[in-house]
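Colleague: One file: run.cif (mmCIF, C-alpha atoms).
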data_protein
#
loop_
_atom_site.group_PDB
_atom_site.id
_atom_site.type_symbol
_atom_site.label_atom_id
_atom_site.label_comp_id
_atom_site.auth_asym_id
_atom_site.auth_seq_id
_atom_site.Cartn_x
_atom_site.Cartn_y
_atom_site.Cartn_z
ATOM 1 C CA MET A 1 0.000 0.000 0.000
ATOM 2 C CA CYS A 2 2.501 2.666 1.105
ATOM 3 C CA ALA A 3 5.351 1.325 -1.080
ATOM 4 C CA GLU A 4 3.248 2.306 -4.095
ATOM 5 C CA PHE A 5 2.616 5.670 -2.451
ATOM 6 C CA GLU A 6 6.388 6.200 -2.169
ATOM 7 C CA GLN A 7 6.758 5.436 -5.868
ATOM 8 C CA ILE A 8 4.023 7.940 -6.753
ATOM 9 C CA LEU A 9 5.678 10.618 -4.604
ATOM 10 C CA ALA A 10 9.084 9.922 -6.161
ATOM 11 C CA GLU A 11 7.752 10.027 -9.725
ATOM 12 C CA HIS A 12 5.504 13.056 -9.394
ATOM 13 C CA CYS A 13 6.902 15.076 -6.495
ATOM 14 C CA ALA A 14 10.676 14.517 -6.405
ATOM 15 C CA PRO A 15 11.543 18.181 -7.132
ATOM 16 C CA ALA A 16 9.356 19.360 -4.238
ATOM 17 C CA LEU A 17 10.566 16.616 -1.901
ATOM 18 C CA LEU A 18 14.161 17.681 -2.526
ATOM 19 C CA GLY A 19 13.464 21.435 -2.358
ATOM 20 C CA CYS A 20 14.188 22.101 -6.034
ATOM 21 C CA LYS A 21 10.580 23.221 -6.493
ATOM 22 C CA ALA A 22 8.139 24.863 -4.075
ATOM 23 C CA SER A 23 5.523 22.141 -4.371
ATOM 24 C CA SER A 24 4.042 19.506 -6.629
ATOM 25 C CA LEU A 25 0.447 18.573 -7.255
ATOM 26 C CA VAL A 26 -0.436 14.921 -7.684
ATOM 27 C CA CYS A 27 -3.894 13.548 -8.365
ATOM 28 C CA GLY A 28 -5.163 10.014 -8.139
ATOM 29 C CA SER A 29 -8.278 7.925 -8.184
ATOM 30 C CA VAL A 30 -10.113 7.673 -4.863
ATOM 31 C CA GLU A 31 -11.199 4.198 -5.927
ATOM 32 C CA GLN A 32 -7.639 3.034 -6.635
ATOM 33 C CA TRP A 33 -6.243 4.581 -3.437
ATOM 34 C CA PRO A 34 -8.734 3.879 -0.655
ATOM 35 C CA HIS A 35 -5.834 3.897 1.848
ATOM 36 C CA LEU A 36 -4.568 7.364 0.926
ATOM 37 C CA ARG A 37 -5.393 8.878 4.318
ATOM 38 C CA ALA A 38 -3.515 6.074 6.105
ATOM 39 C CA CYS A 39 -0.480 6.724 3.897
ATOM 40 C CA LEU A 40 -0.716 10.446 4.627
ATOM 41 C CA ARG A 41 -0.816 9.745 8.383
ATOM 42 C CA ALA A 42 2.209 7.451 8.058
ATOM 43 C CA TYR A 43 4.303 9.754 5.868
ATOM 44 C CA SER A 44 3.429 13.210 7.177
ATOM 45 C CA PRO A 45 5.703 12.995 10.261
ATOM 46 C CA ILE A 46 8.545 11.434 8.243
ATOM 47 C CA LEU A 47 8.403 14.135 5.571
ATOM 48 C CA ALA A 48 7.892 16.928 8.100
ATOM 49 C CA ARG A 49 11.395 16.179 9.443
ATOM 50 C CA CYS A 50 12.656 17.047 5.944
ATOM 51 C CA GLY A 51 10.629 20.265 5.750
ATOM 52 C CA VAL A 52 7.923 18.757 3.549
ATOM 53 C CA GLU A 53 4.178 19.002 4.145
ATOM 54 C CA LEU A 54 1.472 16.851 2.586
ATOM 55 C CA LEU A 55 -1.736 18.796 2.073
ATOM 56 C CA LEU A 56 -4.848 17.058 0.797
ATOM 57 C CA LEU A 57 -6.702 19.673 -1.240
ATOM 58 C CA GLY A 58 -9.834 17.550 -1.407
ATOM 59 C CA SER A 59 -11.291 15.465 -4.164
ATOM 60 C CA CYS A 60 -13.188 16.198 -7.306
ATOM 61 C CA ARG A 61 -15.056 13.752 -9.524
ATOM 62 C CA GLY A 62 -13.605 10.720 -7.765
ATOM 63 C CA ARG A 63 -10.011 11.993 -7.820
ATOM 64 C CA TRP A 64 -7.989 13.303 -4.896
ATOM 65 C CA ARG A 65 -5.593 16.226 -5.134
ATOM 66 C CA LEU A 66 -2.488 16.209 -2.987
ATOM 67 C CA LEU A 67 -0.117 19.148 -2.717
ATOM 68 C CA VAL A 68 3.382 18.177 -1.614
ATOM 69 C CA CYS A 69 5.077 21.348 -0.317
ATOM 70 C CA HIS A 70 8.693 22.022 0.539
ATOM 71 C CA LYS A 71 8.013 24.632 3.215
ATOM 72 C CA SER A 72 11.061 26.894 2.951
ATOM 73 C CA THR A 73 11.039 26.865 -0.861
ATOM 74 C CA LEU A 74 7.299 27.586 -0.892
ATOM 75 C CA GLU A 75 7.745 30.446 1.582
ATOM 76 C CA ALA A 76 10.354 32.028 -0.709
ATOM 77 C CA ALA A 77 8.174 31.545 -3.802
ATOM 78 C CA LEU A 78 5.131 33.142 -2.174
ATOM 79 C CA ARG A 79 7.114 36.095 -0.786
ATOM 80 C CA SER A 80 8.405 37.428 -4.102
ATOM 81 C CA PRO A 81 6.770 40.783 -4.921
ATOM 82 C CA ALA A 82 5.449 39.420 -8.231
ATOM 83 C CA ALA A 83 3.861 36.414 -6.486
ATOM 84 C CA VAL A 84 2.295 38.602 -3.782
ATOM 85 C CA SER A 85 0.838 40.876 -6.459
ATOM 86 C CA LEU A 86 -0.554 37.953 -8.449
ATOM 87 C CA LEU A 87 -2.099 36.351 -5.363
ATOM 88 C CA ARG A 88 -3.622 39.637 -4.196
ATOM 89 C CA SER A 89 -5.235 40.075 -7.619
ATOM 90 C CA ALA A 90 -6.715 36.572 -7.157
ATOM 91 C CA GLY A 91 -8.335 37.598 -3.865
ATOM 92 C CA TYR A 92 -5.731 36.524 -1.327
ATOM 93 C CA PRO A 93 -5.389 38.768 1.758
ATOM 94 C CA ARG A 94 -2.913 41.655 1.820
ATOM 95 C CA ASP A 95 -0.551 40.223 4.438
ATOM 96 C CA PHE A 96 -0.897 36.457 4.352
ATOM 97 C CA THR A 97 1.041 33.696 5.999
ATOM 98 C CA VAL A 98 1.898 30.602 4.010
ATOM 99 C CA ALA A 99 -0.688 28.675 6.059
ATOM 100 C CA GLN A 100 -3.357 31.279 5.207
ATOM 101 C CA ALA A 101 -2.427 31.178 1.535
ATOM 102 C CA LEU A 102 -2.623 27.369 1.491
ATOM 103 C CA HIS A 103 -5.993 27.511 3.240
ATOM 104 C CA ARG A 104 -7.280 30.002 0.651
ATOM 105 C CA LEU A 105 -5.975 27.811 -2.178
ATOM 106 C CA ARG A 106 -7.722 24.773 -0.680
ATOM 107 C CA LEU A 107 -11.009 26.709 -0.498
ATOM 108 C CA ARG A 108 -10.641 27.867 -4.096
ATOM 109 C CA MET A 109 -9.922 24.297 -5.224
ATOM 110 C CA VAL A 110 -13.147 23.140 -3.573
ATOM 111 C CA GLU A 111 -15.437 26.109 -4.273
ATOM 112 C CA GLU A 112 -14.473 27.334 -7.733
ATOM 113 C CA ARG A 113 -15.841 25.866 -10.910
ATOM 114 C CA GLU A 114 -12.703 26.833 -12.781
ATOM 115 C CA PHE A 115 -9.260 25.587 -11.753
ATOM 116 C CA PRO A 116 -7.456 28.356 -9.819
ATOM 117 C CA HIS A 117 -4.452 29.045 -12.047
ATOM 118 C CA GLU A 118 -2.645 30.956 -9.316
ATOM 119 C CA ILE A 119 -1.667 27.481 -8.115
ATOM 120 C CA GLY A 120 1.289 27.917 -10.480
ATOM 121 C CA VAL A 121 2.853 30.307 -7.957
ATOM 122 C CA PHE A 122 2.475 27.638 -5.244
ATOM 123 C CA LEU A 123 4.117 25.141 -7.579
ATOM 124 C CA GLY A 124 7.104 27.459 -7.938
ATOM 125 C CA TYR A 125 6.468 28.583 -11.498
ATOM 126 C CA PRO A 126 7.644 32.111 -12.336
ATOM 127 C CA PRO A 127 4.758 34.516 -11.652
ATOM 128 C CA ALA A 128 5.220 36.111 -15.095
ATOM 129 C CA ASP A 129 4.659 32.699 -16.707
ATOM 130 C CA VAL A 130 1.558 32.119 -14.565
ATOM 131 C CA GLN A 131 0.159 35.517 -15.571
ATOM 132 C CA ALA A 132 0.924 34.898 -19.247
ATOM 133 C CA PHE A 133 -0.681 31.450 -19.072
ATOM 134 C CA CYS A 134 -3.866 33.067 -17.729
ATOM 135 C CA ARG A 135 -3.730 35.850 -20.323
ATOM 136 C CA PHE A 136 -3.166 33.542 -23.322
ATOM 137 C CA GLY A 137 -5.184 30.569 -22.096
ATOM 138 C CA GLY A 138 -2.184 28.292 -22.374
ATOM 139 C CA ALA A 139 -1.467 29.202 -26.005
ATOM 140 C CA ASN A 140 1.586 30.924 -27.514
ATOM 141 C CA CYS A 141 4.158 29.629 -25.022
ATOM 142 C CA LYS A 142 7.842 29.515 -25.971
ATOM 143 C CA LEU A 143 8.517 26.179 -24.263
ATOM 144 C CA CYS A 144 6.433 23.485 -22.609
ATOM 145 C CA GLY A 145 7.863 21.301 -19.837
ATOM 146 C CA TYR A 146 7.008 21.237 -16.148
ATOM 147 C CA TRP A 147 5.058 24.415 -16.929
ATOM 148 C CA LYS A 148 4.357 26.536 -20.001
ATOM 149 C CA VAL A 149 7.144 29.070 -20.380
ATOM 150 C CA TYR A 150 6.454 32.536 -21.731
ATOM 151 C CA GLY A 151 9.509 34.315 -20.346
ATOM 152 C CA ASP A 152 13.062 33.126 -19.683
ATOM 153 C CA VAL A 153 13.459 29.907 -21.682
ATOM 154 C CA GLU A 154 17.064 29.202 -20.652
ATOM 155 C CA HIS A 155 16.241 29.553 -16.956
ATOM 156 C CA ALA A 156 13.252 27.240 -17.435
ATOM 157 C CA ARG A 157 15.377 24.630 -19.248
ATOM 158 C CA SER A 158 17.815 24.699 -16.347
ATOM 159 C CA CYS A 159 14.941 24.242 -13.854
ATOM 160 C CA PHE A 160 13.491 21.399 -15.929
ATOM 161 C CA ALA A 161 16.880 19.624 -15.940
ATOM 162 C CA ARG A 162 17.179 19.962 -12.135
ATOM 163 C CA CYS A 163 13.648 18.556 -11.762
ATOM 164 C CA ASP A 164 14.563 15.608 -14.003
ATOM 165 C CA ASP A 165 17.672 14.993 -11.881
ATOM 166 C CA CYS A 166 15.546 14.982 -8.708
ATOM 167 C CA ARG A 167 13.155 12.452 -10.191
ATOM 168 C CA GLU A 168 15.999 10.241 -11.382
ATOM 169 C CA CYS A 169 17.644 10.363 -7.954
ATOM 170 C CA LEU A 170 14.532 9.372 -5.985
ATOM 171 C CA CYS A 171 13.068 6.884 -8.464
ATOM 172 C CA GLY A 172 16.469 5.282 -8.969
ATOM 173 C CA GLY A 173 16.995 4.972 -5.223
ATOM 174 C CA ILE A 174 13.600 3.406 -4.685
ATOM 175 C CA GLY A 175 14.302 1.069 -7.597
ATOM 176 C CA ARG A 176 17.450 -0.033 -5.753
ATOM 177 C CA GLY A 177 15.417 -0.889 -2.639
ATOM 178 C CA ARG A 178 15.901 2.256 -0.569
ATOM 179 C CA THR A 179 12.964 3.923 1.155
ATOM 180 C CA LEU A 180 11.894 7.495 0.583
ATOM 181 C CA ALA A 181 12.862 8.351 4.184
ATOM 182 C CA GLN A 182 16.390 6.972 3.621
ATOM 183 C CA LEU A 183 16.799 8.900 0.381
ATOM 184 C CA LEU A 184 15.579 12.177 1.836
ATOM 185 C CA ALA A 185 17.753 11.821 4.934
ATOM 186 C CA ALA A 186 20.795 11.319 2.690
ATOM 187 C CA ALA A 187 19.976 14.309 0.458
#
Using structure tokens, write down the structure from this file.
Modeller:
Amino acid sequence: MCAEFEQILAEHCAPALLGCKASSLVCGSVEQWPHLRACLRAYSPILARCGVELLLLGSCRGRWRLLVCHKSTLEAALRSPAAVSLLRSAGYPRDFTVAQALHRLRLRMVEEREFPHEIGVFLGYPPADVQAFCRFGGANCKLCGYWKVYGDVEHARSCFARCDDCRECLCGGIGRGRTLAQLLAAA
């Protein structure tokens, strides 16, 4: 049960687990993962020691949404002036804590009919790329990878390569029989 959960986290959230990215969003079938909450209870304290928080954003149409946050990296991403401006324009409070911002995001994920695209800031995407994505509806990007890039392509390529390295490190380690806790402690 939880060994498969480790594999999912390694494949989809390695950059956030290792602090290369502010957070990662992973979704899965409620039907296929009836033990998700038990896995979250088991892994939350382990990951918290590494500065990582697991935040269940709820479920929609039989699929759960889990945000895996690297706390210090997320704090830095949300504190940039461009991110603060973008979040304020999306209705976030003037002076918010990370916990308040995450709470607001969770509410928007549950209440809104449309997906709240400001989640890109939480995922560590450049705020200018998030704004351009909203403006162009996902069209006209210069590069598509972990996110749609409208601005600095070379910086994005470098970020994408670091994210790939994170995934390779964690998935490779798990493939060699190591646990996620062992890999994160060694990182």
Colleague: Which residues match the PyMOL selection byres ((chain A and resi 163) around 9) in the file above, as a list of chain:residue names?
Modeller: A:Ala14, A:Pro15, A:Ala16, A:Cys20, A:Lys21, A:Tyr146, A:Ser158, A:Cys159, A:Phe160, A:Ala161, A:Arg162, A:Asp164, A:Asp165, A:Cys166, A:Arg167, A:Glu168
Colleague: Quick one: write out the picked residues with C-alpha atoms as a PDB file, in the frame of the given file?
Modeller:
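Okay, selection.pdb is ready:
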ATOM      1  CA  ALA A  14      10.676  14.517  -6.405  1.00  0.00           C
ATOM      2  CA  PRO A  15      11.543  18.181  -7.132  1.00  0.00           C
ATOM      3  CA  ALA A  16       9.356  19.360  -4.238  1.00  0.00           C
ATOM      4  CA  CYS A  20      14.188  22.101  -6.034  1.00  0.00           C
ATOM      5  CA  LYS A  21      10.580  23.221  -6.493  1.00  0.00           C
ATOM      6  CA  TYR A 146       7.008  21.237 -16.148  1.00  0.00           C
ATOM      7  CA  SER A 158      17.815  24.699 -16.347  1.00  0.00           C
ATOM      8  CA  CYS A 159      14.941  24.242 -13.854  1.00  0.00           C
ATOM      9  CA  PHE A 160      13.491  21.399 -15.929  1.00  0.00           C
ATOM     10  CA  ALA A 161      16.880  19.624 -15.940  1.00  0.00           C
ATOM     11  CA  ARG A 162      17.179  19.962 -12.135  1.00  0.00           C
ATOM     12  CA  ASP A 164      14.563  15.608 -14.003  1.00  0.00           C
ATOM     13  CA  ASP A 165      17.672  14.993 -11.881  1.00  0.00           C
ATOM     14  CA  CYS A 166      15.546  14.982  -8.708  1.00  0.00           C
ATOM     15  CA  ARG A 167      13.155  12.452 -10.191  1.00  0.00           C
ATOM     16  CA  GLU A 168      15.999  10.241 -11.382  1.00  0.00           C
TER      17      GLU A 168
END
Colleague: Ranking A:Ser85, A:Ala156, A:Leu183, A:Glu53 by minimum distance to Leu170 (chain A) and counting only C-alpha atoms, which one comes first?
Modeller: A:Leu183
Colleague: I need the output of the PyMOL selection byres ((chain A and resi 132) around 12) for this file as JSON, numbers by chain; which residues are they?
Modeller: {"A": [86, 117, 118, 120, 125, 126, 127, 128, 129, 130, 131, 133, 134, 135, 136, 137, 138, 139, 140, 141, 142, 147, 148, 149, 150, 151]}
Colleague: Which residues fall under the PyMOL selection byres ((chain A and resi 5) around 12) in this file, as a PyMOL selection string?
Modeller: chain A and resi 1-4+6-13+26-28+32-40+42-43+66+174+179-180
Colleague: Can you pull out every residue within 8 Å of Leu67 (chain A), counting only C-alpha atoms, but drop anything in the same chain fewer than 6 positions away, and send it as a short mmCIF file (atom, residue, chain, number, x, y, z; two decimals) with C-alpha atoms, in the coordinates of the input?
Modeller:
data_model
loop_
_atom_site.label_atom_id
_atom_site.label_comp_id
_atom_site.auth_asym_id
_atom_site.auth_seq_id
_atom_site.Cartn_x
_atom_site.Cartn_y
_atom_site.Cartn_z
CA SER A 23 5.52 22.14 -4.37
CA SER A 24 4.04 19.51 -6.63
CA LEU A 25 0.45 18.57 -7.26
CA VAL A 26 -0.44 14.92 -7.68
CA LEU A 54 1.47 16.85 2.59
CA LEU A 55 -1.74 18.80 2.07
CA LEU A 56 -4.85 17.06 0.80
CA LEU A 57 -6.70 19.67 -1.24
#
Colleague: Give me the residues within 10 Å of Leu105 (chain A) as number ranges by chain, counting all atoms listed in the file and dropping any in the same chain fewer than 5 places off.
Modeller: A: 57, 87, 92, 99-100, 110-111, 116, 118-119, 122
Colleague: Counting only C-alpha atoms, which residue out of A:Glu114, A:Met109, A:His70, A:Pro81 sits closest to Gly58 (chain A)?
Modeller: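 Looking only at the distances to Gly58 (chain A), the closest residue turns out to be A:Met109.
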Colleague: Considering only C-alpha atoms, state which residue in the set A:Val153, A:Val30, A:Cys171, A:Ala181 is at the smallest distance from Ser59 (chain A).
Modeller: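 The answer is A:Val30, which sits nearest to Ser59 (chain A).
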Colleague: Quick one: distance from CA of Glu75 (chain A) to CA of Leu107 (chain A) in Å, one decimal?
Modeller: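 If I compute the distance from CA of Glu75 (chain A) to CA of Leu107 (chain A), I get 19.2 Å.
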Colleague: If I take CA of Leu47 (chain A) and CA of Arg157 (chain A), how far is one from the other in Å, to one decimal?
Modeller: 27.8 Å
Colleague: Which one is closest to Leu123 (chain A): A:Arg41, A:Thr97, A:Leu74, A:Gln182? Count only C-alpha atoms.
Modeller: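 Between A:Arg41, A:Thr97, A:Leu74, A:Gln182, the residue approaching Leu123 (chain A) most closely is A:Leu74.
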Colleague: In Å to one decimal, how far is CA of Leu17 (chain A) from CA of Val52 (chain A)?
Modeller: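 One can read the CA of Val52 (chain A) to CA of Leu17 (chain A) distance as 6.4 Å.
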Colleague: Which of these residues is nearest to Arg65 (chain A), using all atoms listed in the file: A:Cys50, A:Leu78, A:Gly91, A:Ser29?
Modeller: A:Ser29
Colleague: Kindly add N, CA and C atoms to the incomplete region 115-132 of chain A and provide the output as a PDB file, in the coordinates of the input.
Modeller:
ATOM      1  N   PHE A 115     -10.487  25.886 -12.481  1.00  0.00           N
ATOM      2  CA  PHE A 115      -9.260  25.587 -11.753  1.00  0.00           C
ATOM      3  C   PHE A 115      -8.536  26.891 -11.436  1.00  0.00           C
ATOM      4  N   PRO A 116      -8.129  27.107 -10.181  1.00  0.00           N
ATOM      5  CA  PRO A 116      -7.456  28.356  -9.819  1.00  0.00           C
ATOM      6  C   PRO A 116      -6.003  28.372 -10.322  1.00  0.00           C
ATOM      7  N   HIS A 117      -5.760  29.080 -11.397  1.00  0.00           N
ATOM      8  CA  HIS A 117      -4.452  29.045 -12.047  1.00  0.00           C
ATOM      9  C   HIS A 117      -3.341  29.673 -11.218  1.00  0.00           C
ATOM     10  N   GLU A 118      -3.697  30.420 -10.180  1.00  0.00           N
ATOM     11  CA  GLU A 118      -2.645  30.956  -9.316  1.00  0.00           C
ATOM     12  C   GLU A 118      -1.892  29.838  -8.604  1.00  0.00           C
ATOM     13  N   ILE A 119      -2.381  28.611  -8.707  1.00  0.00           N
ATOM     14  CA  ILE A 119      -1.667  27.481  -8.115  1.00  0.00           C
ATOM     15  C   ILE A 119      -0.245  27.391  -8.683  1.00  0.00           C
ATOM     16  N   GLY A 120      -0.052  27.924  -9.891  1.00  0.00           N
ATOM     17  CA  GLY A 120       1.289  27.917 -10.480  1.00  0.00           C
ATOM     18  C   GLY A 120       2.325  28.574  -9.585  1.00  0.00           C
ATOM     19  N   VAL A 121       1.935  29.639  -8.876  1.00  0.00           N
ATOM     20  CA  VAL A 121       2.853  30.307  -7.957  1.00  0.00           C
ATOM     21  C   VAL A 121       3.207  29.351  -6.810  1.00  0.00           C
ATOM     22  N   PHE A 122       2.235  28.608  -6.323  1.00  0.00           N
ATOM     23  CA  PHE A 122       2.475  27.638  -5.244  1.00  0.00           C
ATOM     24  C   PHE A 122       3.388  26.509  -5.726  1.00  0.00           C
ATOM     25  N   LEU A 123       3.293  26.202  -7.006  1.00  0.00           N
ATOM     26  CA  LEU A 123       4.117  25.141  -7.579  1.00  0.00           C
ATOM     27  C   LEU A 123       5.532  25.626  -7.908  1.00  0.00           C
ATOM     28  N   GLY A 124       5.773  26.914  -7.708  1.00  0.00           N
ATOM     29  CA  GLY A 124       7.104  27.459  -7.938  1.00  0.00           C
ATOM     30  C   GLY A 124       7.349  27.948  -9.347  1.00  0.00           C
ATOM     31  N   TYR A 125       6.305  28.072 -10.142  1.00  0.00           N
ATOM     32  CA  TYR A 125       6.468  28.583 -11.498  1.00  0.00           C
ATOM     33  C   TYR A 125       6.695  30.091 -11.427  1.00  0.00           C
ATOM     34  N   PRO A 126       7.454  30.657 -12.343  1.00  0.00           N
ATOM     35  CA  PRO A 126       7.644  32.111 -12.336  1.00  0.00           C
ATOM     36  C   PRO A 126       6.295  32.826 -12.462  1.00  0.00           C
ATOM     37  N   PRO A 127       6.042  33.802 -11.600  1.00  0.00           N
ATOM     38  CA  PRO A 127       4.758  34.516 -11.652  1.00  0.00           C
ATOM     39  C   PRO A 127       4.443  35.098 -13.033  1.00  0.00           C
ATOM     40  N   ALA A 128       5.458  35.561 -13.752  1.00  0.00           N
ATOM     41  CA  ALA A 128       5.220  36.111 -15.095  1.00  0.00           C
ATOM     42  C   ALA A 128       4.682  35.027 -16.029  1.00  0.00           C
ATOM     43  N   ASP A 129       5.165  33.798 -15.882  1.00  0.00           N
ATOM     44  CA  ASP A 129       4.659  32.699 -16.707  1.00  0.00           C
ATOM     45  C   ASP A 129       3.228  32.336 -16.315  1.00  0.00           C
ATOM     46  N   VAL A 130       2.920  32.399 -15.030  1.00  0.00           N
ATOM     47  CA  VAL A 130       1.558  32.119 -14.565  1.00  0.00           C
ATOM     48  C   VAL A 130       0.603  33.170 -15.119  1.00  0.00           C
ATOM     49  N   GLN A 131       1.000  34.433 -15.041  1.00  0.00           N
ATOM     50  CA  GLN A 131       0.159  35.517 -15.571  1.00  0.00           C
ATOM     51  C   GLN A 131      -0.037  35.372 -17.066  1.00  0.00           C
ATOM     52  N   ALA A 132       1.033  35.056 -17.792  1.00  0.00           N
ATOM     53  CA  ALA A 132       0.924  34.898 -19.247  1.00  0.00           C
ATOM     54  C   ALA A 132       0.053  33.701 -19.605  1.00  0.00           C
TER      55      ALA A 132
END
